[in-house]
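Novice: So I've got this file, input-v6.cif, and it contains mmCIF, C-alpha atoms:
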```cif
data_my_file
#
loop_
_atom_site.label_atom_id
_atom_site.label_comp_id
_atom_site.auth_asym_id
_atom_site.auth_seq_id
_atom_site.Cartn_x
_atom_site.Cartn_y
_atom_site.Cartn_z
CA MET A 1382 32.45 -100.23 -73.99
CA THR A 1383 36.12 -101.03 -74.39
CA GLY A 1384 36.36 -104.63 -73.10
CA GLN A 1385 34.87 -107.95 -74.14
CA VAL A 1386 31.61 -109.06 -72.55
CA PRO A 1387 31.94 -112.39 -70.72
CA PRO A 1388 29.32 -115.09 -71.41
CA LEU A 1389 26.04 -114.04 -69.84
CA GLY A 1390 24.37 -117.41 -69.49
CA ARG A 1391 20.59 -117.37 -69.77
CA VAL A 1392 19.19 -113.87 -70.31
CA LEU A 1393 15.53 -112.85 -70.13
CA VAL A 1394 14.72 -109.49 -71.70
CA THR A 1395 11.31 -107.91 -71.15
CA GLY A 1396 10.29 -105.51 -73.90
CA GLY A 1397 13.27 -106.84 -75.78
CA ALA A 1398 11.83 -106.40 -79.27
CA GLY A 1399 11.77 -102.62 -78.97
CA PHE A 1400 14.28 -99.97 -79.98
CA ILE A 1401 16.78 -100.57 -77.19
CA GLY A 1402 16.12 -104.31 -76.93
CA CYS A 1403 16.86 -104.99 -80.59
CA ALA A 1404 20.09 -103.00 -80.45
CA LEU A 1405 21.12 -104.81 -77.26
CA SER A 1406 20.40 -108.19 -78.86
CA ARG A 1407 22.69 -107.39 -81.76
CA LEU A 1408 25.48 -106.69 -79.29
CA LEU A 1409 25.01 -109.54 -76.82
CA ALA A 1410 22.56 -112.26 -77.92
CA ALA A 1411 25.03 -114.29 -79.97
CA GLY A 1412 27.27 -114.72 -76.92
CA ALA A 1413 24.54 -115.71 -74.45
CA GLU A 1414 23.58 -119.28 -73.61
CA ARG A 1415 19.98 -118.25 -74.29
CA TRP A 1416 18.46 -114.86 -75.10
CA VAL A 1417 14.72 -114.94 -74.44
CA VAL A 1418 12.62 -111.89 -75.29
CA VAL A 1419 9.12 -111.25 -73.95
CA ASP A 1420 7.35 -108.48 -75.87
CA SER A 1421 3.72 -107.73 -76.73
CA LEU A 1422 4.68 -106.04 -80.02
CA HIS A 1423 2.35 -103.17 -79.15
CA PRO A 1424 1.00 -101.51 -82.32
CA GLN A 1425 2.01 -98.04 -81.11
CA VAL A 1426 5.63 -99.14 -81.44
CA HIS A 1427 5.38 -101.95 -84.00
CA ALA A 1428 3.42 -101.10 -87.13
CA SER A 1429 2.82 -104.81 -87.58
CA ARG A 1430 2.99 -107.65 -85.07
CA GLU A 1431 5.79 -109.28 -86.97
CA ARG A 1432 9.15 -110.18 -85.51
CA PRO A 1433 11.39 -107.10 -85.95
CA ALA A 1434 14.09 -107.58 -88.54
CA ALA A 1435 16.50 -105.79 -86.21
CA LEU A 1436 16.12 -108.44 -83.49
CA HIS A 1437 19.14 -110.76 -83.55
CA GLU A 1438 18.43 -114.21 -84.99
CA ALA A 1439 19.64 -115.85 -81.77
CA ALA A 1440 16.86 -114.19 -79.77
CA GLU A 1441 13.90 -116.40 -78.85
CA LEU A 1442 10.83 -114.17 -79.13
CA VAL A 1443 7.76 -114.83 -76.99
CA VAL A 1444 4.88 -112.57 -78.00
CA ALA A 1445 3.04 -112.02 -74.75
CA ASP A 1446 1.92 -109.33 -72.30
CA VAL A 1447 4.04 -108.70 -69.20
CA VAL A 1448 0.92 -107.86 -67.14
CA GLU A 1449 -0.57 -111.35 -67.53
CA PRO A 1450 0.47 -113.93 -64.92
CA GLU A 1451 0.11 -116.67 -67.54
CA THR A 1452 2.95 -115.08 -69.48
CA TRP A 1453 5.41 -115.69 -66.69
CA ASP A 1454 4.16 -119.16 -65.84
CA ARG A 1455 4.70 -120.13 -69.47
CA VAL A 1456 8.06 -118.42 -69.96
CA LEU A 1457 9.62 -119.40 -66.65
CA ALA A 1458 8.62 -123.02 -67.14
CA SER A 1459 11.11 -123.23 -69.99
CA VAL A 1460 13.85 -120.80 -69.01
CA ARG A 1461 15.66 -120.18 -65.73
CA PRO A 1462 17.27 -116.76 -66.26
CA ASP A 1463 20.62 -115.84 -64.81
CA VAL A 1464 20.10 -112.21 -65.82
CA VAL A 1465 16.81 -110.33 -66.19
CA VAL A 1466 16.99 -107.16 -68.30
CA HIS A 1467 13.78 -105.22 -67.64
CA LEU A 1468 13.09 -102.90 -70.58
CA ALA A 1469 9.31 -103.31 -70.84
CA ALA A 1470 7.55 -100.00 -70.23
CA GLU A 1471 5.01 -97.61 -71.61
CA THR A 1472 6.81 -94.34 -72.32
CA GLY A 1473 5.74 -90.79 -73.05
CA THR A 1474 5.47 -87.91 -70.60
CA ALA A 1475 2.38 -86.28 -72.07
CA GLN A 1476 0.61 -89.54 -72.85
CA SER A 1477 1.11 -90.78 -69.30
CA LEU A 1478 -0.94 -87.86 -67.96
CA SER A 1479 -3.94 -88.79 -70.09
CA GLU A 1480 -3.47 -92.57 -69.99
CA SER A 1481 -2.25 -93.02 -66.43
CA THR A 1482 -3.82 -96.42 -65.92
CA ARG A 1483 -2.20 -97.84 -69.03
CA HIS A 1484 1.25 -96.61 -68.02
CA SER A 1485 0.86 -97.71 -64.42
CA THR A 1486 -0.47 -101.13 -65.39
CA VAL A 1487 2.40 -101.97 -67.71
CA ASN A 1488 5.19 -100.30 -65.78
CA VAL A 1489 4.18 -101.13 -62.22
CA VAL A 1490 1.91 -104.18 -62.42
CA GLY A 1491 4.00 -105.63 -65.25
CA THR A 1492 7.00 -105.49 -62.92
CA THR A 1493 5.18 -107.07 -59.97
CA GLN A 1494 3.78 -109.82 -62.23
CA LEU A 1495 7.34 -110.64 -63.30
CA LEU A 1496 8.41 -110.82 -59.66
CA ASP A 1497 5.42 -112.95 -58.67
CA GLY A 1498 6.13 -115.26 -61.59
CA LEU A 1499 9.70 -115.74 -60.40
CA THR A 1500 8.38 -116.50 -56.92
CA ARG A 1501 5.87 -119.07 -58.17
CA ALA A 1502 8.60 -120.72 -60.25
CA GLY A 1503 10.99 -120.73 -57.30
CA GLN A 1504 13.59 -118.87 -59.34
CA VAL A 1505 16.09 -116.25 -58.18
CA PRO A 1506 18.19 -114.61 -60.92
CA ALA A 1507 21.77 -113.60 -60.31
CA HIS A 1508 21.27 -110.01 -61.52
CA PHE A 1509 18.47 -107.57 -62.36
CA LEU A 1510 19.22 -104.83 -64.90
CA LEU A 1511 16.63 -102.03 -65.22
CA THR A 1512 16.48 -99.21 -67.74
CA SER A 1513 15.05 -96.32 -65.77
CA SER A 1514 14.69 -92.72 -66.92
CA ARG A 1515 15.81 -89.16 -66.39
CA ALA A 1516 12.10 -88.53 -65.76
CA VAL A 1517 12.51 -89.75 -62.17
CA TYR A 1518 14.33 -86.48 -61.36
CA GLY A 1519 11.52 -84.18 -62.48
CA GLU A 1520 12.81 -80.61 -62.54
CA GLY A 1521 15.82 -81.75 -60.54
CA THR A 1522 18.10 -79.45 -58.60
CA TRP A 1523 18.64 -75.76 -59.33
CA ARG A 1524 21.22 -73.22 -58.09
CA ARG A 1525 20.30 -69.69 -57.06
CA THR A 1526 22.57 -66.76 -57.85
CA ASP A 1527 23.83 -66.85 -54.25
CA GLY A 1528 25.00 -70.44 -54.74
CA THR A 1529 22.33 -72.20 -52.68
CA LEU A 1530 20.71 -75.31 -54.11
CA PHE A 1531 16.99 -76.10 -54.13
CA GLN A 1532 14.48 -78.45 -55.69
CA PRO A 1533 11.67 -76.33 -57.18
CA GLY A 1534 9.31 -79.19 -57.95
CA ALA A 1535 7.12 -79.41 -61.02
CA ARG A 1536 6.21 -76.29 -62.95
CA THR A 1537 2.52 -75.61 -62.45
CA HIS A 1538 -0.04 -75.32 -65.22
CA ALA A 1539 -0.55 -71.65 -64.28
CA GLN A 1540 3.19 -71.02 -64.53
CA LEU A 1541 3.37 -72.58 -67.98
CA GLU A 1542 0.20 -70.83 -69.15
CA ALA A 1543 1.82 -67.52 -68.19
CA GLY A 1544 4.95 -68.37 -70.20
CA GLN A 1545 7.17 -68.51 -67.10
CA TRP A 1546 9.45 -71.20 -68.42
CA ASP A 1547 12.38 -70.94 -66.01
CA PHE A 1548 12.63 -70.45 -62.27
CA PRO A 1549 13.71 -66.83 -61.58
CA ASP A 1550 17.35 -66.08 -60.76
CA ALA A 1551 18.40 -69.73 -60.87
CA GLU A 1552 20.01 -72.26 -63.18
CA HIS A 1553 19.58 -76.00 -63.52
CA VAL A 1554 22.29 -78.29 -62.17
CA PRO A 1555 23.02 -81.46 -64.18
CA ASN A 1556 21.19 -84.42 -62.68
CA SER A 1557 23.15 -87.04 -60.78
CA VAL A 1558 22.24 -89.94 -58.56
CA LEU A 1559 24.16 -88.44 -55.64
CA GLY A 1560 23.02 -84.83 -56.05
CA SER A 1561 19.47 -84.89 -57.38
CA PRO A 1562 16.73 -86.47 -55.24
CA PRO A 1563 14.03 -88.14 -57.35
CA ALA A 1564 10.92 -85.95 -57.71
CA PRO A 1565 9.04 -87.03 -60.86
CA SER A 1566 6.72 -84.47 -62.44
CA SER A 1567 4.93 -86.94 -64.75
CA VAL A 1568 3.04 -90.18 -64.26
CA TYR A 1569 5.62 -91.86 -66.48
CA GLY A 1570 8.47 -90.70 -64.24
CA ALA A 1571 6.59 -91.85 -61.14
CA THR A 1572 6.10 -95.33 -62.60
CA LYS A 1573 9.78 -95.63 -63.54
CA LEU A 1574 10.77 -94.70 -59.99
CA ALA A 1575 8.29 -97.31 -58.75
CA GLN A 1576 10.05 -99.91 -60.90
CA GLU A 1577 13.34 -99.03 -59.23
CA HIS A 1578 11.82 -99.45 -55.76
CA LEU A 1579 9.98 -102.68 -56.58
CA LEU A 1580 12.99 -104.45 -58.06
CA GLY A 1581 15.20 -103.12 -55.27
CA ALA A 1582 12.84 -104.39 -52.56
CA TRP A 1583 12.36 -107.86 -54.10
CA GLY A 1584 16.02 -108.16 -54.99
CA GLY A 1585 17.11 -107.05 -51.53
CA SER A 1586 15.00 -109.77 -49.96
CA HIS A 1587 16.46 -112.43 -52.27
CA ASP A 1588 20.07 -111.19 -52.48
CA VAL A 1589 19.72 -110.28 -56.14
CA PRO A 1590 21.81 -107.20 -57.03
CA LEU A 1591 20.07 -104.54 -59.09
CA SER A 1592 21.68 -102.29 -61.69
CA VAL A 1593 19.57 -99.21 -62.50
CA LEU A 1594 20.57 -97.15 -65.52
CA ARG A 1595 18.74 -93.83 -65.67
CA LEU A 1596 18.75 -92.98 -69.35
CA GLN A 1597 18.65 -89.50 -70.80
CA ASN A 1598 17.02 -88.85 -74.21
CA VAL A 1599 17.90 -91.90 -76.30
CA TYR A 1600 17.82 -91.61 -80.10
CA GLY A 1601 19.28 -93.31 -83.13
CA ASN A 1602 18.91 -95.96 -85.80
CA GLY A 1603 16.06 -98.36 -85.15
CA GLN A 1604 13.76 -95.95 -83.31
CA SER A 1605 10.12 -96.33 -84.29
CA LEU A 1606 9.09 -93.97 -87.08
CA SER A 1607 5.38 -94.69 -86.65
CA ASN A 1608 5.08 -93.99 -82.92
CA PRO A 1609 3.73 -90.45 -82.36
CA TYR A 1610 5.34 -90.47 -78.92
CA THR A 1611 8.78 -91.45 -80.13
CA GLY A 1612 11.88 -89.34 -79.49
CA ILE A 1613 11.94 -85.81 -80.80
CA VAL A 1614 15.11 -86.40 -82.82
CA SER A 1615 13.25 -88.83 -85.09
CA LEU A 1616 10.15 -86.65 -85.21
CA PHE A 1617 12.16 -83.53 -86.07
CA SER A 1618 14.07 -85.47 -88.72
CA GLN A 1619 10.92 -86.58 -90.50
CA LEU A 1620 9.45 -83.07 -90.44
CA ALA A 1621 12.61 -81.55 -91.91
CA ARG A 1622 12.91 -84.31 -94.49
CA ASP A 1623 9.41 -83.35 -95.66
CA GLY A 1624 10.53 -79.73 -96.04
CA ARG A 1625 8.55 -78.47 -93.05
CA SER A 1626 9.57 -75.99 -90.38
CA ILE A 1627 10.08 -77.72 -87.02
CA PRO A 1628 7.83 -76.33 -84.25
CA LEU A 1629 9.58 -75.48 -80.99
CA TYR A 1630 7.71 -75.62 -77.68
CA GLU A 1631 8.02 -72.93 -75.02
CA ASP A 1632 10.69 -70.48 -76.19
CA GLY A 1633 12.85 -73.09 -77.92
CA ASP A 1634 15.41 -73.11 -75.12
CA ILE A 1635 14.37 -76.35 -73.43
CA THR A 1636 17.52 -78.43 -72.99
CA ARG A 1637 18.12 -82.15 -73.15
CA ASP A 1638 21.04 -84.59 -73.04
CA PHE A 1639 20.77 -86.62 -76.25
CA VAL A 1640 22.52 -90.00 -76.08
CA TYR A 1641 22.95 -92.22 -79.12
CA ILE A 1642 21.62 -95.77 -79.03
CA ASP A 1643 25.06 -97.37 -79.43
CA ASP A 1644 26.29 -95.61 -76.29
CA VAL A 1645 23.21 -96.77 -74.38
CA VAL A 1646 23.54 -100.45 -75.24
CA ALA A 1647 27.27 -100.27 -74.54
CA ALA A 1648 26.44 -99.04 -71.03
CA LEU A 1649 23.92 -101.84 -70.56
CA ALA A 1650 26.47 -104.39 -71.75
CA ALA A 1651 29.09 -102.99 -69.38
CA ALA A 1652 26.65 -103.17 -66.47
CA ALA A 1653 25.71 -106.75 -67.35
CA ALA A 1654 29.36 -107.72 -67.55
CA ALA A 1655 30.08 -106.41 -64.05
CA PRO A 1656 27.19 -106.97 -61.59
CA PRO A 1657 27.24 -104.63 -58.58
CA THR A 1658 28.77 -105.64 -55.28
CA THR A 1659 26.10 -103.62 -53.47
CA PRO A 1660 22.35 -104.40 -53.39
CA VAL A 1661 21.55 -101.53 -55.77
CA ARG A 1662 23.78 -99.63 -58.19
CA THR A 1663 22.16 -96.60 -59.82
CA LEU A 1664 23.94 -94.77 -62.63
CA ASP A 1665 23.16 -91.97 -65.08
CA VAL A 1666 23.59 -92.64 -68.80
CA GLY A 1667 23.88 -89.71 -71.16
CA VAL A 1668 26.59 -87.74 -72.89
CA GLY A 1669 26.90 -85.07 -70.22
CA VAL A 1670 26.20 -82.29 -72.73
CA ARG A 1671 23.06 -80.18 -72.71
CA THR A 1672 21.60 -79.13 -76.05
CA THR A 1673 18.73 -76.73 -76.62
CA ILE A 1674 15.80 -77.96 -78.66
CA ARG A 1675 16.40 -74.95 -80.93
CA ASP A 1676 19.98 -76.01 -81.66
CA LEU A 1677 18.95 -79.60 -82.33
CA ALA A 1678 16.18 -78.51 -84.69
CA THR A 1679 18.50 -76.10 -86.49
CA VAL A 1680 21.11 -78.80 -87.15
CA ILE A 1681 18.46 -81.16 -88.53
CA SER A 1682 16.76 -78.45 -90.62
CA GLU A 1683 20.03 -77.34 -92.18
CA HIS A 1684 20.89 -80.96 -93.01
CA HIS A 1685 17.71 -81.24 -95.09
CA GLY A 1686 17.61 -77.65 -96.37
CA ALA A 1687 14.28 -77.18 -94.60
CA PRO A 1688 12.87 -73.85 -93.37
CA ALA A 1689 14.21 -72.58 -90.07
CA PRO A 1690 12.50 -73.88 -86.92
CA HIS A 1691 9.81 -71.66 -85.39
CA VAL A 1692 8.76 -71.05 -81.79
CA THR A 1693 5.11 -71.84 -81.06
CA GLY A 1694 4.88 -71.04 -77.34
CA GLN A 1695 3.05 -74.32 -76.81
CA TYR A 1696 3.93 -76.43 -73.79
CA ARG A 1697 3.26 -79.82 -72.23
CA ASP A 1698 2.10 -80.19 -68.65
CA GLY A 1699 4.47 -82.42 -66.71
CA ASP A 1700 7.40 -81.69 -69.00
CA VAL A 1701 10.65 -80.45 -67.46
CA ARG A 1702 12.54 -77.37 -68.52
CA HIS A 1703 16.06 -78.78 -68.45
CA ALA A 1704 17.46 -82.29 -68.39
CA ALA A 1705 21.12 -83.23 -68.53
CA CYS A 1706 23.26 -85.45 -66.39
CA ASP A 1707 26.73 -85.85 -64.95
CA VAL A 1708 28.18 -89.13 -66.28
CA GLN A 1709 31.52 -89.07 -64.45
CA ARG A 1710 30.45 -91.61 -61.83
CA THR A 1711 29.18 -93.95 -64.54
CA ILE A 1712 32.48 -93.71 -66.41
CA GLU A 1713 34.35 -94.52 -63.20
CA GLU A 1714 32.19 -97.50 -62.25
CA LEU A 1715 31.70 -99.14 -65.64
CA ASP A 1716 34.00 -100.07 -68.51
CA TRP A 1717 32.20 -97.44 -70.56
CA GLU A 1718 32.20 -93.89 -71.83
CA PRO A 1719 29.99 -92.08 -74.38
CA ARG A 1720 31.57 -92.00 -77.82
CA TRP A 1721 28.93 -90.49 -80.10
CA SER A 1722 28.66 -86.72 -80.47
CA LEU A 1723 25.29 -85.23 -81.33
CA ALA A 1724 26.53 -84.27 -84.80
CA GLN A 1725 27.66 -87.83 -85.53
CA GLY A 1726 24.48 -89.37 -84.17
CA VAL A 1727 22.13 -87.01 -86.00
CA ALA A 1728 23.94 -87.60 -89.30
CA ALA A 1729 23.77 -91.38 -88.87
CA LEU A 1730 20.08 -91.18 -88.02
CA GLN A 1731 19.27 -89.13 -91.14
CA ASP A 1732 20.88 -91.77 -93.34
CA TRP A 1733 18.97 -94.56 -91.59
CA ILE A 1734 15.61 -92.76 -91.82
CA GLU A 1735 16.19 -92.13 -95.51
CA SER A 1736 16.88 -95.81 -96.10
CA GLN A 1737 13.74 -96.82 -94.21
CA LEU A 1738 11.39 -94.39 -95.92
CA VAL A 1739 12.75 -95.03 -99.40
CA ALA A 1740 12.32 -98.77 -98.87
CA ARG A 1741 8.59 -98.38 -98.13
#
```
Could I get this file's structure written as C-alpha cells?
Specialist:
Amino acid sequence: MTGQVPPLGRVLVTGGAGFIGCALSRLLAAGAERWVVVDSLHPQVHASRERPAALHEAAELVVADVVEPETWDRVLASVRPDVVVHLAAETGTAQSLSESTRHSTVNVVGTTQLLDGLTRAGQVPAHFLLTSSRAVYGEGTWRRTDGTLFQPGARTHAQLEAGQWDFPDAEHVPNSVLGSPPAPSSVYGATKLAQEHLLGAWGGSHDVPLSVLRLQNVYGNGQSLSNPYTGIVSLFSQLARDGRSIPLYEDGDITRDFVYIDDVVAALAAAAAAPPTTPVRTLDVGVGVRTTIRDLATVISEHHGAPAPHVTGQYRDGDVRHAACDVQRTIEELDWEPRWSLAQGVAALQDWIESQLVAR
C-alpha cells in the first residue's frame, strides 16, 4: 500500500488474534477509534489461550466463540462497529473433509450468528470486509491445446489413485474473479463461498457494501508453528531446519501462488481505506506468480543445507492441482501492489522461525 490509511472509526475484527489479524492490527489498530477483536483462541492455532504478543496493544481482545449468540449480544452492547473485518474461519482443505461439521459451523453459522447479532442490536455497519480464499475456485479454468476453455471440476479419488495429476492436453489458467466461476472442490472452499454469499445477501438488504478478498497461499512471520494444518511454507521450513528431506505430494509439480503476509494486510488496509461503490467488490490477492511445490521445497532445503526434497506420490482428496491468480484488476482498483518476492519472503520467514524456536 502506497498511501496513508484514513481513520477507520470503530473496527470489529472476528478471528482477529490469528496470523492475519495480528499483522493487520499492527498496521491499523493504532489509528482506529476502537479496534475490537473477537477470537476463541482455538488451541489448534494458539498453543496457549493467552493474548498473542503480536496483537497490537491498542486491540481490545474479547475471548469468545463466534458461533454463540451470547458473544454478539455481549460485544455489540458495547461497540457499534463502522467496519466489520470478518477473518474468523476454520481452515484446512484436508481437515474440512473429515471435520465438515466443525468447518461449516464456524464458517457458516459463525457468520449468520454475527449477522443475527447485528440485527438484534439494530446495528448496520458502513462496510464489511471478508477474507475469502482461492479455494472457492476449485480446479478453476483450464485451456485445451485448441484454445478452448473449460472447467474440469474436482479431480476424482479414482483419478488421483491412478496418479493422473493433470487434465490431459490442457493447462491451468490463472484464477480471476471475472474469468473463473467458483466451483469449490473442498468443504472448506464451499464454506468460504457461503460466507461471500451470506454477507453479500445481508449487506445488499441493508445497503452495506462488501469487499471480498480471495487470498492465495498466505505465509510469513507470525504463522502458527504448532498448527499441523498451517501453511506449507512454515511446515517445509521446520522440516528442513531439522535436517529432514521435505516430502512432495503427487509428482512435486503442484503449483501455488505464495503471497507474503505484509502484502496481504496491505491489501486489506487498502480495501478498508476505499469502500466499494458497488454492493460487492471481489478481488484476488496474490503475487501473480505460480511456483511449484518442488521449487519452493528446494529453495528452503538449500537455505538450511538439508537433503533434497523427495516425491512420495501421496495425494489429498479435494486438493487442487494448480492455483495462481491474476492480480491486475486488484492493482487497478486498490492503492496496492504486491512487493514481496518469494525469495525475500522465504528468507524473512526462516529468520523469524529461528528466533521463535531458539527462544523456546
Novice: Could you name the residues that touch A:Arg1671 at 9 Å or less, counting all atoms listed in the file, but leaving out those on the same chain fewer than 6 positions away, as number ranges by chain?
Specialist: A: 1555, 1636-1639, 1703-1706
Novice: Dump C-alpha atoms for the selected residues as a CSV table (one decimal), keeping the file's coordinate frame?
Specialist:
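Saved to selection.csv:
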```csv
chain,number,residue,atom,x,y,z
A,1555,PRO,CA,23.0,-81.5,-64.2
A,1636,THR,CA,17.5,-78.4,-73.0
A,1637,ARG,CA,18.1,-82.2,-73.2
A,1638,ASP,CA,21.0,-84.6,-73.0
A,1639,PHE,CA,20.8,-86.6,-76.2
A,1703,HIS,CA,16.1,-78.8,-68.4
A,1704,ALA,CA,17.5,-82.3,-68.4
A,1705,ALA,CA,21.1,-83.2,-68.5
A,1706,CYS,CA,23.3,-85.4,-66.4
```
Novice: Rounded to one decimal, what separation in Å do you get between atom CA of A:Thr1482 and atom CA of A:Thr1572?
Specialist: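 Here the two named atoms are 10.5 Å from each other.
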Novice: Taking all atoms of stretch 1633-1645 of chain A that the file lists, what box with edges along x, y and z, padded by 8 Å per side, do you get, with centre and edge lengths in Å to one decimal, as lines of an AutoDock Vina configuration file?
Specialist:
```
center_x = 19.6
center_y = -85.2
center_z = -76.2
size_x = 29.4
size_y = 40.3
size_z = 22.4
```
Novice: Identify all residues satisfying the PyMOL selection byres ((chain A and resi 1427-1436) around 9) in the given file; provide them as a ChimeraX atom specification.
Specialist: /A:1397-1400,1402-1407,1421-1426,1437-1440,1442,1444,1603,1605,1607-1608
Novice: From the set A:Gly1601, A:Gly1560, A:Gly1503, A:Gly1528, which residue has the shortest atom-to-atom contact distance to A:Ala1728, counting all atoms listed in the file?
Specialist: A:Gly1601
Novice: For atom CA of A:Gly1669 and atom CA of A:Gln1709, determine how far apart the two atoms are, in Å to one decimal place.
Specialist: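 If I compute the distance from atom CA of A:Gly1669 to atom CA of A:Gln1709, I get 8.4 Å.
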Novice: Have a look at A:Trp1721, A:Trp1733, A:Phe1509, A:Tyr1696 and name the one nearest to A:Asn1602; count only C-alpha atoms.
Specialist: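 Among the listed residues, A:Trp1733 lies closest to A:Asn1602.
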Novice: Got a sec: who's within 8 Å of A:Val1614, counting all atoms listed in the file, leaving out chain neighbours fewer than 3 positions off, as a VMD selection string?
Specialist: chain A and resid 1600 1617 to 1618 1677 1727
Novice: Check the smallest atom-to-atom distance from each of A:Ala1655, A:Leu1409, A:Leu1393, A:Val1668 to A:His1467 using all atoms listed in the file, then report the winner.
Specialist: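 Among the listed residues, the smallest separation from A:His1467 belongs to A:Leu1393.
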Novice: Go through the shown structure with the PyMOL selection byres ((chain A and resi 1568) around 6) and write out the matching residues as a CSV table (one decimal) with C-alpha atoms, in the frame of the given file.
Specialist:
```csv
chain,number,residue,atom,x,y,z
A,1477,SER,CA,1.1,-90.8,-69.3
A,1478,LEU,CA,-0.9,-87.9,-68.0
A,1567,SER,CA,4.9,-86.9,-64.8
A,1569,TYR,CA,5.6,-91.9,-66.5
A,1570,GLY,CA,8.5,-90.7,-64.2
A,1571,ALA,CA,6.6,-91.8,-61.1
```
Novice: Working from the structure I just supplied, which lacks atoms in stretch 1494-1511 of chain A, can you model N, CA and C atoms there and output them as a tab-separated table (two decimals), in the frame of the given file?
Specialist:
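Resulting contents of selection25.tsv:
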```tsv
chain	number	residue	atom	x	y	z
A	1494	GLN	N	4.13	-108.51	-61.67
A	1494	GLN	CA	3.78	-109.82	-62.23
A	1494	GLN	C	5.04	-110.63	-62.56
A	1495	LEU	N	6.06	-109.97	-63.06
A	1495	LEU	CA	7.34	-110.64	-63.30
A	1495	LEU	C	7.89	-111.20	-62.00
A	1496	LEU	N	7.87	-110.39	-60.95
A	1496	LEU	CA	8.41	-110.82	-59.66
A	1496	LEU	C	7.58	-111.97	-59.07
A	1497	ASP	N	6.27	-111.87	-59.17
A	1497	ASP	CA	5.42	-112.95	-58.67
A	1497	ASP	C	5.64	-114.24	-59.46
A	1498	GLY	N	5.86	-114.08	-60.77
A	1498	GLY	CA	6.13	-115.26	-61.59
A	1498	GLY	C	7.42	-115.95	-61.17
A	1499	LEU	N	8.45	-115.16	-60.88
A	1499	LEU	CA	9.70	-115.74	-60.40
A	1499	LEU	C	9.48	-116.46	-59.07
A	1500	THR	N	8.66	-115.87	-58.21
A	1500	THR	CA	8.38	-116.50	-56.92
A	1500	THR	C	7.65	-117.82	-57.09
A	1501	ARG	N	6.61	-117.83	-57.95
A	1501	ARG	CA	5.87	-119.07	-58.17
A	1501	ARG	C	6.76	-120.16	-58.76
A	1502	ALA	N	7.71	-119.74	-59.61
A	1502	ALA	CA	8.60	-120.72	-60.25
A	1502	ALA	C	9.76	-121.11	-59.35
A	1503	GLY	N	9.89	-120.43	-58.20
A	1503	GLY	CA	10.99	-120.73	-57.30
A	1503	GLY	C	12.34	-120.35	-57.88
A	1504	GLN	N	12.37	-119.28	-58.66
A	1504	GLN	CA	13.59	-118.87	-59.34
A	1504	GLN	C	14.12	-117.55	-58.77
A	1505	VAL	N	15.42	-117.47	-58.64
A	1505	VAL	CA	16.09	-116.25	-58.18
A	1505	VAL	C	17.24	-115.96	-59.12
A	1506	PRO	N	17.10	-114.94	-60.00
A	1506	PRO	CA	18.19	-114.61	-60.92
A	1506	PRO	C	19.44	-114.14	-60.18
A	1507	ALA	N	20.53	-114.08	-60.90
A	1507	ALA	CA	21.77	-113.60	-60.31
A	1507	ALA	C	21.90	-112.08	-60.41
A	1508	HIS	N	21.09	-111.45	-61.30
A	1508	HIS	CA	21.27	-110.01	-61.52
A	1508	HIS	C	20.03	-109.45	-62.22
A	1509	PHE	N	19.50	-108.36	-61.69
A	1509	PHE	CA	18.47	-107.57	-62.36
A	1509	PHE	C	19.14	-106.36	-63.00
A	1510	LEU	N	18.73	-106.03	-64.22
A	1510	LEU	CA	19.22	-104.83	-64.90
A	1510	LEU	C	18.00	-104.06	-65.40
A	1511	LEU	N	17.80	-102.84	-64.90
A	1511	LEU	CA	16.63	-102.03	-65.22
A	1511	LEU	C	17.03	-100.78	-65.98
```
